[in-house]
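protein_13.txt (compact mmCIF, C-alpha atoms) appears below.
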# COMPACT_ATOMS: atom_id res chain seq x y z
CA MET A 1 -5.74 -6.94 3.64
CA LYS A 2 -7.27 -4.42 1.27
CA ILE A 3 -7.35 -0.67 1.85
CA VAL A 4 -9.06 1.54 -0.72
CA GLN A 5 -9.48 5.17 0.13
CA MET A 6 -9.97 8.70 -1.17
CA GLN A 7 -8.70 11.36 1.21
CA LYS A 8 -8.08 15.10 1.45
CA GLU A 9 -5.30 14.80 3.99
CA PRO A 10 -1.66 14.12 3.07
CA ILE A 11 -0.81 10.43 2.68
CA ASP A 12 1.26 8.93 5.49
CA VAL A 13 3.63 7.11 3.12
CA THR A 14 5.99 5.84 5.84
CA GLY A 15 3.17 4.56 8.02
CA LEU A 16 1.59 2.77 5.07
CA LEU A 17 4.88 1.18 4.02
CA HIS A 18 5.23 -0.32 7.48
CA LYS A 19 1.94 -2.13 7.16
CA SER A 20 2.18 -3.04 3.46
CA GLY A 21 4.09 -6.31 3.79
CA THR A 22 3.65 -9.69 5.46
CA VAL A 23 6.18 -12.30 6.59
CA GLU A 24 4.74 -14.70 4.03
CA ASP A 25 5.71 -12.47 1.12
CA GLY A 26 9.00 -11.82 -0.62
CA ALA A 27 8.14 -8.47 -2.15
CA ILE A 28 6.37 -5.21 -1.47
CA LEU A 29 5.95 -3.10 -4.59
CA THR A 30 4.88 0.50 -4.41
CA PHE A 31 3.93 3.25 -6.80
CA ILE A 32 3.78 6.77 -5.42
CA GLY A 33 2.55 9.49 -7.74
CA THR A 34 3.77 12.92 -6.68
CA ALA A 35 2.95 16.52 -7.58
CA ARG A 36 5.59 17.80 -9.99
CA LYS A 37 6.95 21.34 -9.94
CA ASN A 38 7.15 21.75 -13.72
CA SER A 39 4.58 20.92 -16.35
CA MET A 40 4.91 21.68 -20.06
CA GLY A 41 7.44 24.40 -19.26
CA ARG A 42 5.32 26.15 -16.63
CA GLU A 43 6.03 26.29 -12.92
CA VAL A 44 3.23 24.62 -10.99
CA HIS A 45 2.41 26.09 -7.57
CA TYR A 46 0.05 23.33 -6.49
CA LEU A 47 -2.47 20.82 -7.81
CA HIS A 48 -6.17 20.59 -7.14
CA TYR A 49 -8.03 17.34 -7.73
CA ASP A 50 -11.78 17.35 -8.32
CA VAL A 51 -13.50 14.03 -7.69
CA TYR A 52 -16.84 12.31 -8.12
CA GLU A 53 -16.27 10.67 -4.81
CA ASP A 54 -18.91 7.91 -4.69
CA MET A 55 -18.17 6.78 -8.23
CA ALA A 56 -14.42 7.06 -7.71
CA MET A 57 -14.68 4.70 -4.74
CA ARG A 58 -16.72 2.24 -6.83
CA GLU A 59 -14.17 2.34 -9.66
CA LEU A 60 -11.24 1.96 -7.26
CA ASP A 61 -12.99 -0.99 -5.61
CA LYS A 62 -13.47 -2.63 -9.03
CA ILE A 63 -9.78 -2.16 -9.86
CA VAL A 64 -8.59 -3.63 -6.57
CA LYS A 65 -11.07 -6.51 -6.79
CA HIS A 66 -9.82 -7.38 -10.27
CA ALA A 67 -6.18 -7.11 -9.15
CA VAL A 68 -6.57 -9.45 -6.16
CA GLU A 69 -8.53 -11.93 -8.30
CA THR A 70 -5.89 -11.88 -11.05
CA TRP A 71 -2.65 -11.90 -9.05
CA PRO A 72 -1.94 -13.60 -5.71
CA LEU A 73 -1.68 -10.39 -3.69
CA THR A 74 -1.68 -10.72 0.08
CA ASN A 75 -2.11 -7.01 0.66
CA CYS A 76 -3.31 -4.28 -1.68
CA ILE A 77 -3.42 -0.64 -0.63
CA VAL A 78 -4.68 2.14 -2.92
CA ILE A 79 -5.08 5.68 -1.66
CA HIS A 80 -5.80 8.73 -3.83
CA ARG A 81 -5.86 12.34 -2.68
CA TYR A 82 -8.39 14.97 -3.68
CA GLY A 83 -8.58 18.68 -3.05
CA ARG A 84 -5.30 20.59 -2.84
CA VAL A 85 -2.04 18.69 -3.21
CA ASN A 86 1.16 20.66 -2.70
CA ILE A 87 4.27 20.21 -4.83
CA GLY A 88 6.28 17.19 -3.74
CA GLU A 89 3.37 15.58 -1.91
CA ALA A 90 2.01 12.18 -2.87
CA SER A 91 -1.21 12.32 -4.88
CA VAL A 92 -1.59 8.56 -5.11
CA PHE A 93 -0.11 5.68 -3.13
CA ILE A 94 -0.29 2.05 -4.23
CA ALA A 95 1.33 -0.88 -2.46
CA VAL A 96 1.00 -4.59 -3.11
CA SER A 97 2.50 -7.41 -1.11
CA VAL A 98 3.16 -10.66 -2.94
CA LYS A 99 5.30 -13.79 -2.74
CA HIS A 100 7.17 -13.13 -5.99
CA ARG A 101 7.99 -9.81 -7.63
CA GLU A 102 6.83 -10.46 -11.21
CA GLU A 103 3.19 -10.73 -10.20
CA GLY A 104 3.59 -7.62 -8.07
CA PHE A 105 4.96 -5.56 -10.95
CA ALA A 106 2.11 -6.65 -13.20
CA ALA A 107 -0.53 -5.87 -10.57
CA LEU A 108 0.98 -2.49 -9.75
CA ARG A 109 1.10 -1.47 -13.40
CA TYR A 110 -2.48 -2.60 -13.96
CA ILE A 111 -3.70 -0.62 -10.93
CA ILE A 112 -2.07 2.72 -11.77
CA ASP A 113 -2.79 2.47 -15.52
CA THR A 114 -6.46 1.70 -14.87
CA ILE A 115 -6.81 4.46 -12.29
CA LYS A 116 -5.64 6.90 -14.94
CA LYS A 117 -8.24 5.59 -17.41
CA THR A 118 -11.38 5.03 -15.36
CA VAL A 119 -11.46 6.68 -11.94
CA PRO A 120 -13.39 9.98 -12.07
CA ILE A 121 -10.74 12.31 -10.72
CA TRP A 122 -9.55 15.46 -12.49
CA LYS A 123 -6.29 17.30 -11.99
CA LYS A 124 -5.99 21.06 -12.20
CA GLU A 125 -2.58 22.70 -12.28
CA HIS A 126 -2.33 26.07 -10.57
CA TYR A 127 0.38 28.50 -11.69
CA ALA A 128 1.35 32.00 -10.55
CA ASP A 129 -0.87 33.43 -13.30
CA GLY A 130 -3.81 31.08 -13.64
CA SER A 131 -4.81 27.45 -13.74
CA VAL A 132 -5.58 24.72 -16.29
CA TRP A 133 -7.53 21.46 -16.13
CA VAL A 134 -5.12 18.84 -17.42
CA SER A 135 -7.99 17.27 -19.39
CA GLU A 136 -8.38 20.51 -21.37
CA ARG A 137 -4.74 20.99 -22.22
CA PRO A 138 -4.02 20.72 -25.95
CA MET B 139 -51.69 13.05 -17.14
CA VAL B 140 -48.85 14.92 -18.78
CA ASP B 141 -46.66 14.28 -15.71
CA MET B 142 -46.53 10.59 -16.62
CA TYR B 143 -44.40 11.42 -19.62
CA ILE B 144 -41.87 13.61 -17.86
CA MET B 145 -38.75 12.29 -16.14
CA ASN B 146 -36.76 14.07 -13.46
CA ILE B 147 -33.07 13.65 -14.19
CA HIS B 148 -30.48 14.74 -11.65
CA ILE B 149 -27.45 16.17 -13.40
CA LYS B 150 -24.00 16.34 -11.85
CA THR B 151 -21.05 18.06 -13.52
CA PHE B 152 -17.35 17.93 -12.74
CA ALA B 153 -14.10 19.72 -13.57
CA SER B 154 -14.20 21.68 -16.86
CA VAL B 155 -17.82 20.69 -17.51
CA ARG B 156 -18.84 22.35 -14.25
CA ASP B 157 -16.93 25.49 -15.32
CA ILE B 158 -18.80 25.51 -18.65
CA CYS B 159 -22.24 24.87 -17.17
CA GLY B 160 -21.87 27.08 -14.10
CA PHE B 161 -23.52 24.56 -11.76
CA ASP B 162 -22.52 21.29 -10.16
CA ASN B 163 -25.95 19.87 -9.53
CA ILE B 164 -29.41 20.45 -11.01
CA THR B 165 -32.55 18.50 -11.68
CA MET B 166 -34.02 18.81 -15.14
CA GLU B 167 -37.20 17.53 -16.73
CA LEU B 168 -36.93 15.44 -19.88
CA PRO B 169 -39.52 13.55 -21.86
CA ASP B 170 -39.92 9.84 -21.25
CA GLY B 171 -37.44 7.85 -23.35
CA ALA B 172 -34.83 10.63 -23.50
CA SER B 173 -31.18 9.64 -23.85
CA VAL B 174 -27.95 11.03 -22.46
CA LYS B 175 -27.52 12.86 -25.76
CA ASP B 176 -30.93 14.51 -25.34
CA ALA B 177 -29.93 15.72 -21.88
CA VAL B 178 -26.67 17.16 -23.22
CA SER B 179 -28.51 18.84 -26.12
CA CYS B 180 -30.93 20.41 -23.67
CA LEU B 181 -28.09 21.71 -21.47
CA SER B 182 -26.22 22.96 -24.56
CA GLU B 183 -29.01 25.41 -25.36
CA LYS B 184 -27.77 27.56 -22.46
CA ASN B 185 -24.15 26.41 -22.66
CA PRO B 186 -23.25 25.95 -26.34
CA GLU B 187 -19.63 25.02 -25.55
CA LEU B 188 -20.90 21.83 -23.93
CA GLY B 189 -22.40 20.63 -27.21
CA THR B 190 -19.10 21.12 -29.03
CA LYS B 191 -17.42 18.73 -26.60
CA ILE B 192 -19.95 15.91 -26.72
CA ASP B 193 -17.55 13.56 -28.56
CA ILE B 194 -14.91 13.73 -25.84
CA LEU B 195 -17.17 13.87 -22.79
CA LEU B 196 -17.78 10.88 -20.53
CA PHE B 197 -21.12 9.98 -18.96
CA ALA B 198 -22.20 7.95 -15.96
CA ILE B 199 -25.71 6.97 -15.01
CA ASN B 200 -26.08 6.14 -11.33
CA GLU B 201 -22.28 5.94 -11.02
CA GLU B 202 -21.72 3.53 -13.93
CA TYR B 203 -20.14 4.56 -17.23
CA ARG B 204 -22.68 4.66 -20.07
CA ALA B 205 -22.60 5.61 -23.74
CA VAL B 206 -24.09 8.82 -25.12
CA ASP B 207 -27.06 6.94 -26.63
CA ALA B 208 -28.04 5.27 -23.31
CA ARG B 209 -31.67 5.79 -22.29
CA LEU B 210 -32.43 7.58 -19.06
CA GLN B 211 -34.98 6.50 -16.45
CA ASP B 212 -36.93 8.70 -14.09
CA ASN B 213 -34.78 9.88 -11.15
CA ASP B 214 -31.50 8.75 -12.70
CA VAL B 215 -28.35 10.60 -11.69
CA LEU B 216 -26.51 11.57 -14.86
CA ALA B 217 -22.92 12.71 -14.39
CA ILE B 218 -21.22 14.57 -17.24
CA PHE B 219 -17.48 15.06 -17.18
CA PRO B 220 -14.30 15.36 -19.26
CA PRO B 221 -11.73 12.54 -19.66
CA VAL B 222 -10.35 11.66 -16.26
CA SER B 223 -6.86 12.74 -15.19
CA GLY B 224 -6.13 11.19 -11.82
CA GLY B 225 -2.91 9.63 -10.66
Re-express the file's structure as structure tokens.
Amino acid sequence: MKIVQMQKEPIDVTGLLHKSGTVEDGAILTFIGTARKNSMGREVHYLHYDVYEDMAMRELDKIVKHAVETWPLTNCIVIHRYGRVNIGEASVFIAVSVKHREEGFAALRYIIDTIKKTVPIWKKEHYADGSVWVSERP
Amino acid sequence: MVDMYIMNIHIKTFASVRDICGFDNITMELPDGASVKDAVSCLSEKNPELGTKIDILLFAINEEYRAVDARLQDNDVLAIFPPVSGG
């Protein structure tokens, strides 16, 4: 099973965890990126993600395709939020189900590292007194 | 006759590039054979800050990453954006 999705709504982490695994596999590995309260010494009120949605879906599809071709993943779920993400909420959810953990760790790391390099999504931190695109921060 | 040598290029901007340009979507006319760099130079006439960032910007033509010297074709969608910061 593959699920690749961009969504505005909060991610149902518990619901996704329940369908991440299979009885054939010995490991479910997850990465959940969350909105942090502090950034470079400033208190963040919330995040806003801009997205080039069609291209982001294409890039996410490429990443997941490469991952399932490289490692023997039974399930691979990748969901990224866009729009407003409140502090403490998940901005990205990745789960892979696999027979043995080593391949799962490698796949998981590849997926999140590549998302951060290639998927056209941009994070803006909002503070009490303004906001900054993370890409523009010195 | 002159129309044969003009391309319509659909420009999309995102994040800080949209803030600099003040639009998220326009169509501009460029001469046949123009590159991504030519499009950015043209946009930089009104938005000089854009030109100063050309070395760090990323470009996609029809949703695929392309280099700054890539040639454009009529009706291409050229997206211009800063380094990505998802996750």
Hey, what's within 12 Å of A:Lys19 if we count all atoms listed in the file and toss same-chain stuff fewer than 3 positions away? As a list in words, please?
->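 Counting only the stated atoms, we get Met1, Lys2, Ile3, Asp12, Val13, Thr14, Gly15, Leu16, Thr22, Val23, Ile28, Thr74, Asn75, Cys76, Ile77, Ala95, Val96 and Ser97 of chain A.
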Restricted to C-alpha atoms, what would the selected residues look like written as a PDB file, in the coordinates of the input?
ATOM      1  CA  MET A   1      -5.740  -6.940   3.640  1.00  0.00           C
ATOM      2  CA  LYS A   2      -7.270  -4.420   1.270  1.00  0.00           C
ATOM      3  CA  ILE A   3      -7.350  -0.670   1.850  1.00  0.00           C
ATOM      4  CA  ASP A  12       1.260   8.930   5.490  1.00  0.00           C
ATOM      5  CA  VAL A  13       3.630   7.110   3.120  1.00  0.00           C
ATOM      6  CA  THR A  14       5.990   5.840   5.840  1.00  0.00           C
ATOM      7  CA  GLY A  15       3.170   4.560   8.020  1.00  0.00           C
ATOM      8  CA  LEU A  16       1.590   2.770   5.070  1.00  0.00           C
ATOM      9  CA  THR A  22       3.650  -9.690   5.460  1.00  0.00           C
ATOM     10  CA  VAL A  23       6.180 -12.300   6.590  1.00  0.00           C
ATOM     11  CA  ILE A  28       6.370  -5.210  -1.470  1.00  0.00           C
ATOM     12  CA  THR A  74      -1.680 -10.720   0.080  1.00  0.00           C
ATOM     13  CA  ASN A  75      -2.110  -7.010   0.660  1.00  0.00           C
ATOM     14  CA  CYS A  76      -3.310  -4.280  -1.680  1.00  0.00           C
ATOM     15  CA  ILE A  77      -3.420  -0.640  -0.630  1.00  0.00           C
ATOM     16  CA  ALA A  95       1.330  -0.880  -2.460  1.00  0.00           C
ATOM     17  CA  VAL A  96       1.000  -4.590  -3.110  1.00  0.00           C
ATOM     18  CA  SER A  97       2.500  -7.410  -1.110  1.00  0.00           C
TER      19      SER A  97
END
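With distances taken over all atoms listed in the file, A:Val64 is the one residue among A:Leu73, A:Ala27, A:Val64, A:Val51 lying closest to A:Val4.
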Compare A:Leu60, A:Leu29, A:Leu17, A:Ala35 by their minimum atom-to-atom distance to A:Gln5, counting all atoms listed in the file, and give me the closest one.
-> A:Leu60
Name the residues in contact with B:Val174 at a cut-off of 7 Å, using all atoms listed in the file, excluding same-chain residues fewer than 4 positions from it; report them as a CSV table (one decimal) with C-alpha atoms, in the frame of the given file.
chain,number,residue,atom,x,y,z
B,178,VAL,CA,-26.7,17.2,-23.2
B,206,VAL,CA,-24.1,8.8,-25.1
B,207,ASP,CA,-27.1,6.9,-26.6
B,208,ALA,CA,-28.0,5.3,-23.3
B,209,ARG,CA,-31.7,5.8,-22.3
B,210,LEU,CA,-32.4,7.6,-19.1
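Coordinates place atom CA of A:Asn86 at a distance of 12.6 Å from atom CA of A:Asn38.
Between chain B and the residues A:Arg101, A:His45, A:Arg36, A:Lys123, the shortest atom-to-atom distance, using all atoms listed in the file, involves A:Lys123.
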Go through A:Glu136, A:Glu24, A:Glu69, A:Glu102 and flag the residue nearest chain B, using all atoms listed in the file for the distances.
->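 Once distances to chain B are computed over all atoms listed in the file, the minimum belongs to A:Glu136.
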When you get a sec, could you note down which chain B residues fall within 10 Å of chain A, using all atoms listed in the file, as a PyMOL selection string?
-> chain B and resi 150-154+196+198+200-203+217+219-225
Take atom CA of A:His48 and atom CA of A:Lys8 and report the distance between them in Å, one decimal.
->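 Taking atom CA of A:His48 and atom CA of A:Lys8, their separation equals 10.4 Å.
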In Å, how far is it from atom CA of B:Asn146 to atom CA of B:Glu167?
->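 Between atom CA of B:Asn146 and atom CA of B:Glu167 the gap is 4.8 Å.
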Top pick for closest residue to B:Phe197, considering B:Ala177, B:Ile144, B:Leu216, B:Leu168 and counting all atoms listed in the file =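 Closest residue, counting all atoms listed in the file: B:Leu216.
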Please identify all polymer residues within 12 Å of B:Glu187, counting all atoms listed in the file, omitting same-chain residues fewer than 2 positions from it, and present them as a PyMOL selection string.
-> chain B and resi 154-160+178-179+181-185+189-192+195
Tell me which of A:Phe105, A:Tyr110, A:Tyr127, A:Tyr46 sits closest to A:Ile63, counting all atoms listed in the file.
->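 Looking only at the distances to A:Ile63, the closest residue turns out to be A:Tyr110.
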